[in-house]
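Printed here is my_file.cif (mmCIF, N, CA, C and O atoms):
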data_my_file
loop_
_atom_site.group_PDB
_atom_site.id
_atom_site.type_symbol
_atom_site.label_atom_id
_atom_site.label_comp_id
_atom_site.auth_asym_id
_atom_site.auth_seq_id
_atom_site.Cartn_x
_atom_site.Cartn_y
_atom_site.Cartn_z
ATOM 1 N N MET A 1 0.846 -1.179 0.000
ATOM 2 C CA MET A 1 0.000 0.000 0.000
ATOM 3 C C MET A 1 0.890 1.241 0.000
ATOM 4 O O MET A 1 1.785 1.378 0.818
ATOM 5 N N SER A 2 0.649 2.145 -0.920
ATOM 6 C CA SER A 2 1.489 3.335 -0.993
ATOM 7 C C SER A 2 0.956 4.408 -0.056
ATOM 8 O O SER A 2 -0.245 4.495 0.197
ATOM 9 N N LYS A 3 1.869 5.209 0.421
ATOM 10 C CA LYS A 3 1.509 6.302 1.319
ATOM 11 C C LYS A 3 0.928 7.447 0.506
ATOM 12 O O LYS A 3 1.434 7.772 -0.555
ATOM 13 N N SER A 4 -0.140 8.049 0.998
ATOM 14 C CA SER A 4 -0.720 9.176 0.281
ATOM 15 C C SER A 4 0.141 10.411 0.511
ATOM 16 O O SER A 4 0.806 10.531 1.538
ATOM 17 N N PRO A 5 0.136 11.326 -0.458
ATOM 18 C CA PRO A 5 0.951 12.537 -0.297
ATOM 19 C C PRO A 5 0.469 13.357 0.892
ATOM 20 O O PRO A 5 -0.708 13.321 1.236
ATOM 21 N N THR A 6 1.388 14.072 1.499
ATOM 22 C CA THR A 6 1.038 14.879 2.664
ATOM 23 C C THR A 6 1.356 16.344 2.406
ATOM 24 O O THR A 6 2.144 16.681 1.534
ATOM 25 N N LYS A 7 0.724 17.185 3.190
ATOM 26 C CA LYS A 7 0.956 18.627 3.160
ATOM 27 C C LYS A 7 1.169 19.071 4.596
ATOM 28 O O LYS A 7 0.709 18.430 5.534
ATOM 29 N N THR A 8 1.861 20.181 4.762
ATOM 30 C CA THR A 8 2.078 20.727 6.095
ATOM 31 C C THR A 8 1.308 22.036 6.207
ATOM 32 O O THR A 8 1.420 22.902 5.344
ATOM 33 N N VAL A 9 0.504 22.143 7.259
ATOM 34 C CA VAL A 9 -0.294 23.345 7.488
ATOM 35 C C VAL A 9 -0.013 23.881 8.891
ATOM 36 O O VAL A 9 0.447 23.155 9.766
ATOM 37 N N THR A 10 -0.312 25.160 9.076
ATOM 38 C CA THR A 10 -0.104 25.818 10.361
ATOM 39 C C THR A 10 -1.397 26.515 10.774
ATOM 40 O O THR A 10 -2.028 27.191 9.959
ATOM 41 N N TYR A 11 -1.767 26.354 12.034
ATOM 42 C CA TYR A 11 -2.935 27.021 12.591
ATOM 43 C C TYR A 11 -2.513 28.397 13.093
ATOM 44 O O TYR A 11 -1.525 28.528 13.815
ATOM 45 N N SER A 12 -3.275 29.431 12.716
ATOM 46 C CA SER A 12 -2.937 30.784 13.154
ATOM 47 C C SER A 12 -4.150 31.513 13.723
ATOM 48 O O SER A 12 -4.199 32.741 13.727
ATOM 49 N N GLY A 13 -5.126 30.762 14.195
ATOM 50 C CA GLY A 13 -6.340 31.369 14.745
ATOM 51 C C GLY A 13 -6.113 32.008 16.103
ATOM 52 O O GLY A 13 -4.986 32.110 16.593
ATOM 53 N N GLY A 14 -7.184 32.419 16.736
ATOM 54 C CA GLY A 14 -7.114 33.161 17.976
ATOM 55 C C GLY A 14 -6.871 32.337 19.228
ATOM 56 O O GLY A 14 -6.555 32.883 20.276
ATOM 57 N N SER A 15 -7.034 31.030 19.165
ATOM 58 C CA SER A 15 -6.834 30.175 20.336
ATOM 59 C C SER A 15 -5.409 29.643 20.390
ATOM 60 O O SER A 15 -4.672 29.725 19.418
ATOM 61 N N ASP A 16 -5.051 29.069 21.537
ATOM 62 C CA ASP A 16 -3.732 28.437 21.674
ATOM 63 C C ASP A 16 -3.629 27.187 20.815
ATOM 64 O O ASP A 16 -2.545 26.757 20.465
ATOM 65 N N GLY A 17 -4.763 26.599 20.491
ATOM 66 C CA GLY A 17 -4.783 25.406 19.659
ATOM 67 C C GLY A 17 -6.206 24.923 19.463
ATOM 68 O O GLY A 17 -7.128 25.380 20.142
ATOM 69 N N VAL A 18 -6.387 24.028 18.511
ATOM 70 C CA VAL A 18 -7.697 23.447 18.236
ATOM 71 C C VAL A 18 -7.524 21.980 17.882
ATOM 72 O O VAL A 18 -6.439 21.554 17.480
ATOM 73 N N VAL A 19 -8.611 21.227 18.019
ATOM 74 C CA VAL A 19 -8.647 19.843 17.541
ATOM 75 C C VAL A 19 -9.662 19.815 16.406
ATOM 76 O O VAL A 19 -10.807 20.224 16.575
ATOM 77 N N MET A 20 -9.212 19.364 15.246
ATOM 78 C CA MET A 20 -10.084 19.269 14.071
ATOM 79 C C MET A 20 -10.358 17.793 13.806
ATOM 80 O O MET A 20 -9.448 16.969 13.896
ATOM 81 N N TYR A 21 -11.600 17.492 13.479
ATOM 82 C CA TYR A 21 -11.987 16.123 13.139
ATOM 83 C C TYR A 21 -12.069 16.039 11.627
ATOM 84 O O TYR A 21 -13.024 16.522 11.020
ATOM 85 N N LEU A 22 -11.049 15.454 11.031
ATOM 86 C CA LEU A 22 -10.926 15.374 9.582
ATOM 87 C C LEU A 22 -11.103 13.933 9.126
ATOM 88 O O LEU A 22 -11.289 13.034 9.945
ATOM 89 N N SER A 23 -11.004 13.711 7.817
ATOM 90 C CA SER A 23 -11.229 12.359 7.280
ATOM 91 C C SER A 23 -10.256 11.332 7.855
ATOM 92 O O SER A 23 -10.589 10.163 7.975
ATOM 93 N N SER A 24 -9.062 11.769 8.235
ATOM 94 C CA SER A 24 -8.069 10.834 8.776
ATOM 95 C C SER A 24 -8.179 10.679 10.296
ATOM 96 O O SER A 24 -7.438 9.905 10.889
ATOM 97 N N GLY A 25 -9.083 11.423 10.919
ATOM 98 C CA GLY A 25 -9.268 11.342 12.362
ATOM 99 C C GLY A 25 -9.071 12.691 13.029
ATOM 100 O O GLY A 25 -8.945 13.716 12.374
ATOM 101 N N ALA A 26 -9.027 12.683 14.350
ATOM 102 C CA ALA A 26 -8.841 13.919 15.116
ATOM 103 C C ALA A 26 -7.375 14.327 15.078
ATOM 104 O O ALA A 26 -6.488 13.512 15.308
ATOM 105 N N ILE A 27 -7.130 15.594 14.763
ATOM 106 C CA ILE A 27 -5.769 16.124 14.698
ATOM 107 C C ILE A 27 -5.705 17.394 15.531
ATOM 108 O O ILE A 27 -6.549 18.282 15.388
ATOM 109 N N GLU A 28 -4.704 17.468 16.406
ATOM 110 C CA GLU A 28 -4.521 18.659 17.239
ATOM 111 C C GLU A 28 -3.568 19.614 16.533
ATOM 112 O O GLU A 28 -2.495 19.226 16.072
ATOM 113 N N PHE A 29 -3.981 20.872 16.453
ATOM 114 C CA PHE A 29 -3.159 21.924 15.868
ATOM 115 C C PHE A 29 -2.866 22.948 16.951
ATOM 116 O O PHE A 29 -3.787 23.571 17.483
ATOM 117 N N LEU A 30 -1.606 23.116 17.296
ATOM 118 C CA LEU A 30 -1.213 24.150 18.244
ATOM 119 C C LEU A 30 -0.854 25.399 17.451
ATOM 120 O O LEU A 30 -0.325 25.310 16.333
ATOM 121 N N HIS A 31 -1.135 26.546 18.028
ATOM 122 C CA HIS A 31 -0.920 27.815 17.333
ATOM 123 C C HIS A 31 0.527 27.943 16.864
ATOM 124 O O HIS A 31 1.458 27.861 17.656
ATOM 125 N N GLY A 32 0.705 28.124 15.545
ATOM 126 C CA GLY A 32 2.022 28.362 14.971
ATOM 127 C C GLY A 32 2.892 27.137 14.770
ATOM 128 O O GLY A 32 4.014 27.255 14.283
ATOM 129 N N VAL A 33 2.392 25.950 15.114
ATOM 130 C CA VAL A 33 3.195 24.733 14.993
ATOM 131 C C VAL A 33 2.802 23.995 13.704
ATOM 132 O O VAL A 33 1.644 23.608 13.549
ATOM 133 N N PRO A 34 3.743 23.804 12.777
ATOM 134 C CA PRO A 34 3.413 23.092 11.534
ATOM 135 C C PRO A 34 3.004 21.643 11.817
ATOM 136 O O PRO A 34 3.609 20.969 12.646
ATOM 137 N N VAL A 35 1.947 21.185 11.142
ATOM 138 C CA VAL A 35 1.436 19.827 11.304
ATOM 139 C C VAL A 35 1.292 19.206 9.916
ATOM 140 O O VAL A 35 0.735 19.821 9.006
ATOM 141 N N GLU A 36 1.778 17.980 9.769
ATOM 142 C CA GLU A 36 1.661 17.271 8.504
ATOM 143 C C GLU A 36 0.319 16.550 8.462
ATOM 144 O O GLU A 36 -0.032 15.821 9.384
ATOM 145 N N VAL A 37 -0.437 16.797 7.391
ATOM 146 C CA VAL A 37 -1.741 16.164 7.209
ATOM 147 C C VAL A 37 -1.801 15.581 5.804
ATOM 148 O O VAL A 37 -0.981 15.901 4.947
ATOM 149 N N SER A 38 -2.803 14.749 5.556
ATOM 150 C CA SER A 38 -2.966 14.195 4.216
ATOM 151 C C SER A 38 -3.363 15.313 3.257
ATOM 152 O O SER A 38 -3.874 16.364 3.666
ATOM 153 N N ALA A 39 -3.126 15.077 1.984
ATOM 154 C CA ALA A 39 -3.484 16.076 0.970
ATOM 155 C C ALA A 39 -4.991 16.349 1.011
ATOM 156 O O ALA A 39 -5.432 17.488 0.841
ATOM 157 N N GLU A 40 -5.775 15.306 1.269
ATOM 158 C CA GLU A 40 -7.230 15.457 1.351
ATOM 159 C C GLU A 40 -7.621 16.355 2.525
ATOM 160 O O GLU A 40 -8.474 17.230 2.401
ATOM 161 N N ASP A 41 -6.990 16.155 3.682
ATOM 162 C CA ASP A 41 -7.276 16.985 4.852
ATOM 163 C C ASP A 41 -6.826 18.425 4.620
ATOM 164 O O ASP A 41 -7.509 19.369 5.021
ATOM 165 N N ALA A 42 -5.684 18.600 3.961
ATOM 166 C CA ALA A 42 -5.189 19.950 3.662
ATOM 167 C C ALA A 42 -6.184 20.678 2.763
ATOM 168 O O ALA A 42 -6.432 21.877 2.945
ATOM 169 N N LYS A 43 -6.769 19.955 1.822
ATOM 170 C CA LYS A 43 -7.766 20.554 0.932
ATOM 171 C C LYS A 43 -8.991 20.990 1.730
ATOM 172 O O LYS A 43 -9.548 22.053 1.487
ATOM 173 N N SER A 44 -9.392 20.171 2.714
ATOM 174 C CA SER A 44 -10.535 20.517 3.570
ATOM 175 C C SER A 44 -10.256 21.778 4.382
ATOM 176 O O SER A 44 -11.153 22.572 4.636
ATOM 177 N N LEU A 45 -9.009 21.945 4.821
ATOM 178 C CA LEU A 45 -8.635 23.101 5.642
ATOM 179 C C LEU A 45 -8.375 24.358 4.816
ATOM 180 O O LEU A 45 -8.337 25.460 5.359
ATOM 181 N N ALA A 46 -8.190 24.211 3.511
ATOM 182 C CA ALA A 46 -7.798 25.337 2.661
ATOM 183 C C ALA A 46 -8.794 26.493 2.694
ATOM 184 O O ALA A 46 -8.405 27.650 2.585
ATOM 185 N N GLY A 47 -10.067 26.188 2.883
ATOM 186 C CA GLY A 47 -11.069 27.243 2.917
ATOM 187 C C GLY A 47 -11.199 27.931 4.265
ATOM 188 O O GLY A 47 -11.947 28.887 4.406
ATOM 189 N N ASN A 48 -10.474 27.456 5.258
ATOM 190 C CA ASN A 48 -10.553 28.026 6.599
ATOM 191 C C ASN A 48 -9.445 29.062 6.778
ATOM 192 O O ASN A 48 -8.270 28.735 6.652
ATOM 193 N N PRO A 49 -9.801 30.314 7.078
ATOM 194 C CA PRO A 49 -8.777 31.371 7.188
ATOM 195 C C PRO A 49 -7.811 31.186 8.353
ATOM 196 O O PRO A 49 -6.773 31.841 8.408
ATOM 197 N N ASP A 50 -8.116 30.275 9.293
ATOM 198 C CA ASP A 50 -7.230 30.034 10.433
ATOM 199 C C ASP A 50 -6.097 29.061 10.108
ATOM 200 O O ASP A 50 -5.245 28.806 10.952
ATOM 201 N N PHE A 51 -6.095 28.497 8.902
ATOM 202 C CA PHE A 51 -5.061 27.534 8.511
ATOM 203 C C PHE A 51 -4.369 27.997 7.239
ATOM 204 O O PHE A 51 -5.028 28.402 6.287
ATOM 205 N N GLN A 52 -3.053 27.933 7.243
ATOM 206 C CA GLN A 52 -2.263 28.296 6.077
ATOM 207 C C GLN A 52 -1.259 27.192 5.791
ATOM 208 O O GLN A 52 -0.834 26.492 6.710
ATOM 209 N N PRO A 53 -0.841 27.082 4.523
ATOM 210 C CA PRO A 53 0.259 26.156 4.237
ATOM 211 C C PRO A 53 1.484 26.600 5.032
ATOM 212 O O PRO A 53 1.774 27.789 5.124
ATOM 213 N N ALA A 54 2.172 25.662 5.616
ATOM 214 C CA ALA A 54 3.371 26.002 6.380
ATOM 215 C C ALA A 54 4.463 26.448 5.422
ATOM 216 O O ALA A 54 4.574 25.913 4.319
ATOM 217 N N PRO A 55 5.249 27.437 5.822
ATOM 218 C CA PRO A 55 6.352 27.851 4.951
ATOM 219 C C PRO A 55 7.331 26.709 4.782
ATOM 220 O O PRO A 55 7.547 25.923 5.704
ATOM 221 N N ARG A 56 7.868 26.608 3.602
ATOM 222 C CA ARG A 56 8.849 25.541 3.354
ATOM 223 C C ARG A 56 10.101 25.805 4.156
ATOM 224 O O ARG A 56 10.560 26.938 4.267
ATOM 225 N N ALA A 57 10.625 24.745 4.696
ATOM 226 C CA ALA A 57 11.847 24.866 5.488
ATOM 227 C C ALA A 57 13.009 25.176 4.556
ATOM 228 O O ALA A 57 13.202 24.497 3.557
ATOM 229 N N THR A 58 13.707 26.206 4.883
ATOM 230 C CA THR A 58 14.882 26.541 4.084
ATOM 231 C C THR A 58 16.102 26.384 4.962
ATOM 232 O O THR A 58 16.091 26.776 6.129
ATOM 233 N N THR A 59 17.107 25.810 4.401
ATOM 234 C CA THR A 59 18.338 25.642 5.164
ATOM 235 C C THR A 59 19.421 26.495 4.528
ATOM 236 O O THR A 59 19.576 26.496 3.311
ATOM 237 N N THR A 60 20.079 27.222 5.354
ATOM 238 C CA THR A 60 21.188 28.025 4.855
ATOM 239 C C THR A 60 22.461 27.474 5.460
ATOM 240 O O THR A 60 22.536 27.270 6.675
ATOM 241 N N PRO A 61 23.430 27.190 4.625
ATOM 242 C CA PRO A 61 24.678 26.640 5.169
ATOM 243 C C PRO A 61 25.374 27.671 6.061
ATOM 244 O O PRO A 61 25.357 28.858 5.761
ATOM 245 N N LYS A 62 25.929 27.181 7.152
ATOM 246 C CA LYS A 62 26.661 28.074 8.044
ATOM 247 C C LYS A 62 27.999 28.400 7.408
ATOM 248 O O LYS A 62 28.663 27.505 6.877
ATOM 249 N N PRO A 63 28.404 29.653 7.484
ATOM 250 C CA PRO A 63 29.732 29.973 6.952
ATOM 251 C C PRO A 63 30.819 29.305 7.818
ATOM 252 O O PRO A 63 30.680 29.248 9.034
ATOM 253 N N GLU A 64 31.784 28.775 7.153
ATOM 254 C CA GLU A 64 32.853 28.099 7.904
ATOM 255 C C GLU A 64 33.742 29.128 8.560
ATOM 256 O O GLU A 64 34.066 30.163 7.975
ATOM 257 N N GLU A 65 34.077 28.855 9.809
ATOM 258 C CA GLU A 65 34.953 29.781 10.511
ATOM 259 C C GLU A 65 36.389 29.519 10.081
ATOM 260 O O GLU A 65 36.807 28.384 9.954
ATOM 261 N N GLY A 66 37.108 30.622 9.845
ATOM 262 C CA GLY A 66 38.437 30.478 9.302
ATOM 263 C C GLY A 66 39.483 30.364 10.305
ATOM 264 O O GLY A 66 40.546 29.993 10.239
#
Could you take the file, read its structure, and then write that structure out as structure tokens?
Amino acid sequence: MSKSPTKTVTYSGGSDGVVMYLSSGAIEFLHGVPVEVSAEDAKSLAGNPDFQPAPRATTTPKPEEG
């Protein structure tokens, strides 16, 4: 069985966190903490202004000390 694609979303609503009951089950979202959800669940959350796609993690190499 192949794994379904996932998306990362962040809750930015007025509470410290919420529990959403989505197709994959109950998921807790803490304010500002990125959470990985199924693509289907991310689509369900897309219309809610309290949820945004999480910014992609960018890594910057540290400059080497000379």
Name the residues of chain A that fall into helix (DSSP H, G or I) according to DSSP on the backbone, using the chain letters and numbers of this document, as a PyMOL selection string. chain A and resi 39-45
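Of the listed residues A:Leu22, A:Ile27, A:Leu45, A:Val33, the one whose atoms come nearest to Thr10 of chain A is A:Val33, with distances taken using only N, CA, C and O atoms.
All residues of chain A that DSSP, run on the backbone, classes as strand (DSSP E or B) are Thr6, Lys7, Thr8, Val9, Thr10, Tyr11, Gly17, Val18, Val19, Met20, Tyr21, Leu22, Gly25, Ala26, Ile27, Glu28, Phe29, Leu30, His31, Val35, Glu36, Val37, Ser38, Phe51, Gln52 and Pro53 of chain A.
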With N, CA, C and O atoms retained, write the just-selected residues as a short mmCIF file (atom, residue, chain, number, x, y, z; two decimals), in the coordinates of the input.
data_model
loop_
_atom_site.label_atom_id
_atom_site.label_comp_id
_atom_site.auth_asym_id
_atom_site.auth_seq_id
_atom_site.Cartn_x
_atom_site.Cartn_y
_atom_site.Cartn_z
N THR A 6 1.39 14.07 1.50
CA THR A 6 1.04 14.88 2.66
C THR A 6 1.36 16.34 2.41
O THR A 6 2.14 16.68 1.53
N LYS A 7 0.72 17.18 3.19
CA LYS A 7 0.96 18.63 3.16
C LYS A 7 1.17 19.07 4.60
O LYS A 7 0.71 18.43 5.53
N THR A 8 1.86 20.18 4.76
CA THR A 8 2.08 20.73 6.10
C THR A 8 1.31 22.04 6.21
O THR A 8 1.42 22.90 5.34
N VAL A 9 0.50 22.14 7.26
CA VAL A 9 -0.29 23.34 7.49
C VAL A 9 -0.01 23.88 8.89
O VAL A 9 0.45 23.16 9.77
N THR A 10 -0.31 25.16 9.08
CA THR A 10 -0.10 25.82 10.36
C THR A 10 -1.40 26.52 10.77
O THR A 10 -2.03 27.19 9.96
N TYR A 11 -1.77 26.35 12.03
CA TYR A 11 -2.94 27.02 12.59
C TYR A 11 -2.51 28.40 13.09
O TYR A 11 -1.52 28.53 13.82
N GLY A 17 -4.76 26.60 20.49
CA GLY A 17 -4.78 25.41 19.66
C GLY A 17 -6.21 24.92 19.46
O GLY A 17 -7.13 25.38 20.14
N VAL A 18 -6.39 24.03 18.51
CA VAL A 18 -7.70 23.45 18.24
C VAL A 18 -7.52 21.98 17.88
O VAL A 18 -6.44 21.55 17.48
N VAL A 19 -8.61 21.23 18.02
CA VAL A 19 -8.65 19.84 17.54
C VAL A 19 -9.66 19.82 16.41
O VAL A 19 -10.81 20.22 16.58
N MET A 20 -9.21 19.36 15.25
CA MET A 20 -10.08 19.27 14.07
C MET A 20 -10.36 17.79 13.81
O MET A 20 -9.45 16.97 13.90
N TYR A 21 -11.60 17.49 13.48
CA TYR A 21 -11.99 16.12 13.14
C TYR A 21 -12.07 16.04 11.63
O TYR A 21 -13.02 16.52 11.02
N LEU A 22 -11.05 15.45 11.03
CA LEU A 22 -10.93 15.37 9.58
C LEU A 22 -11.10 13.93 9.13
O LEU A 22 -11.29 13.03 9.94
N GLY A 25 -9.08 11.42 10.92
CA GLY A 25 -9.27 11.34 12.36
C GLY A 25 -9.07 12.69 13.03
O GLY A 25 -8.94 13.72 12.37
N ALA A 26 -9.03 12.68 14.35
CA ALA A 26 -8.84 13.92 15.12
C ALA A 26 -7.38 14.33 15.08
O ALA A 26 -6.49 13.51 15.31
N ILE A 27 -7.13 15.59 14.76
CA ILE A 27 -5.77 16.12 14.70
C ILE A 27 -5.70 17.39 15.53
O ILE A 27 -6.55 18.28 15.39
N GLU A 28 -4.70 17.47 16.41
CA GLU A 28 -4.52 18.66 17.24
C GLU A 28 -3.57 19.61 16.53
O GLU A 28 -2.50 19.23 16.07
N PHE A 29 -3.98 20.87 16.45
CA PHE A 29 -3.16 21.92 15.87
C PHE A 29 -2.87 22.95 16.95
O PHE A 29 -3.79 23.57 17.48
N LEU A 30 -1.61 23.12 17.30
CA LEU A 30 -1.21 24.15 18.24
C LEU A 30 -0.85 25.40 17.45
O LEU A 30 -0.32 25.31 16.33
N HIS A 31 -1.14 26.55 18.03
CA HIS A 31 -0.92 27.82 17.33
C HIS A 31 0.53 27.94 16.86
O HIS A 31 1.46 27.86 17.66
N VAL A 35 1.95 21.18 11.14
CA VAL A 35 1.44 19.83 11.30
C VAL A 35 1.29 19.21 9.92
O VAL A 35 0.74 19.82 9.01
N GLU A 36 1.78 17.98 9.77
CA GLU A 36 1.66 17.27 8.50
C GLU A 36 0.32 16.55 8.46
O GLU A 36 -0.03 15.82 9.38
N VAL A 37 -0.44 16.80 7.39
CA VAL A 37 -1.74 16.16 7.21
C VAL A 37 -1.80 15.58 5.80
O VAL A 37 -0.98 15.90 4.95
N SER A 38 -2.80 14.75 5.56
CA SER A 38 -2.97 14.20 4.22
C SER A 38 -3.36 15.31 3.26
O SER A 38 -3.87 16.36 3.67
N PHE A 51 -6.10 28.50 8.90
CA PHE A 51 -5.06 27.53 8.51
C PHE A 51 -4.37 28.00 7.24
O PHE A 51 -5.03 28.40 6.29
N GLN A 52 -3.05 27.93 7.24
CA GLN A 52 -2.26 28.30 6.08
C GLN A 52 -1.26 27.19 5.79
O GLN A 52 -0.83 26.49 6.71
N PRO A 53 -0.84 27.08 4.52
CA PRO A 53 0.26 26.16 4.24
C PRO A 53 1.48 26.60 5.03
O PRO A 53 1.77 27.79 5.12
#
Skipping near chain neighbours, those fewer than 6 positions away, what residues fall within 9 Å of Leu30 of chain A using only C-alpha atoms, listed as an MDAnalysis selection string? chainID A and resid 10:12 15:19
One decimal, Å: what's the distance from atom N of Val37 of chain A over to atom C of Thr8 of chain A, could you say? 5.6 Å
Between atom C of Gly13 of chain A and atom O of Glu40 of chain A, what distance in Å does the model show, to one decimal? 20.3 Å
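In this structure, atom CA of Phe29 of chain A sits 9.6 Å away from atom C of Asp50 of chain A.
Counting only N, CA, C and O atoms and comparing A:Gly14, A:Met20, A:Ser4, A:Pro34, the residue that lies closest to Pro55 of chain A is A:Pro34.
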From A:Ser23, A:Ala46, A:Asp41, A:Val35, residue lying nearest Pro5 of chain A [only C-alpha atoms]: A:Asp41
So that all listed atoms of segment 47-56 of chain A fit with 5 Å spare on each side, what axis-aligned box centre and edge lengths in Å, to one decimal, would you give as JSON?
{"center_x": -0.7, "center_y": 28.7, "center_z": 6.9, "size_x": 32.5, "size_y": 16.3, "size_z": 18.1}
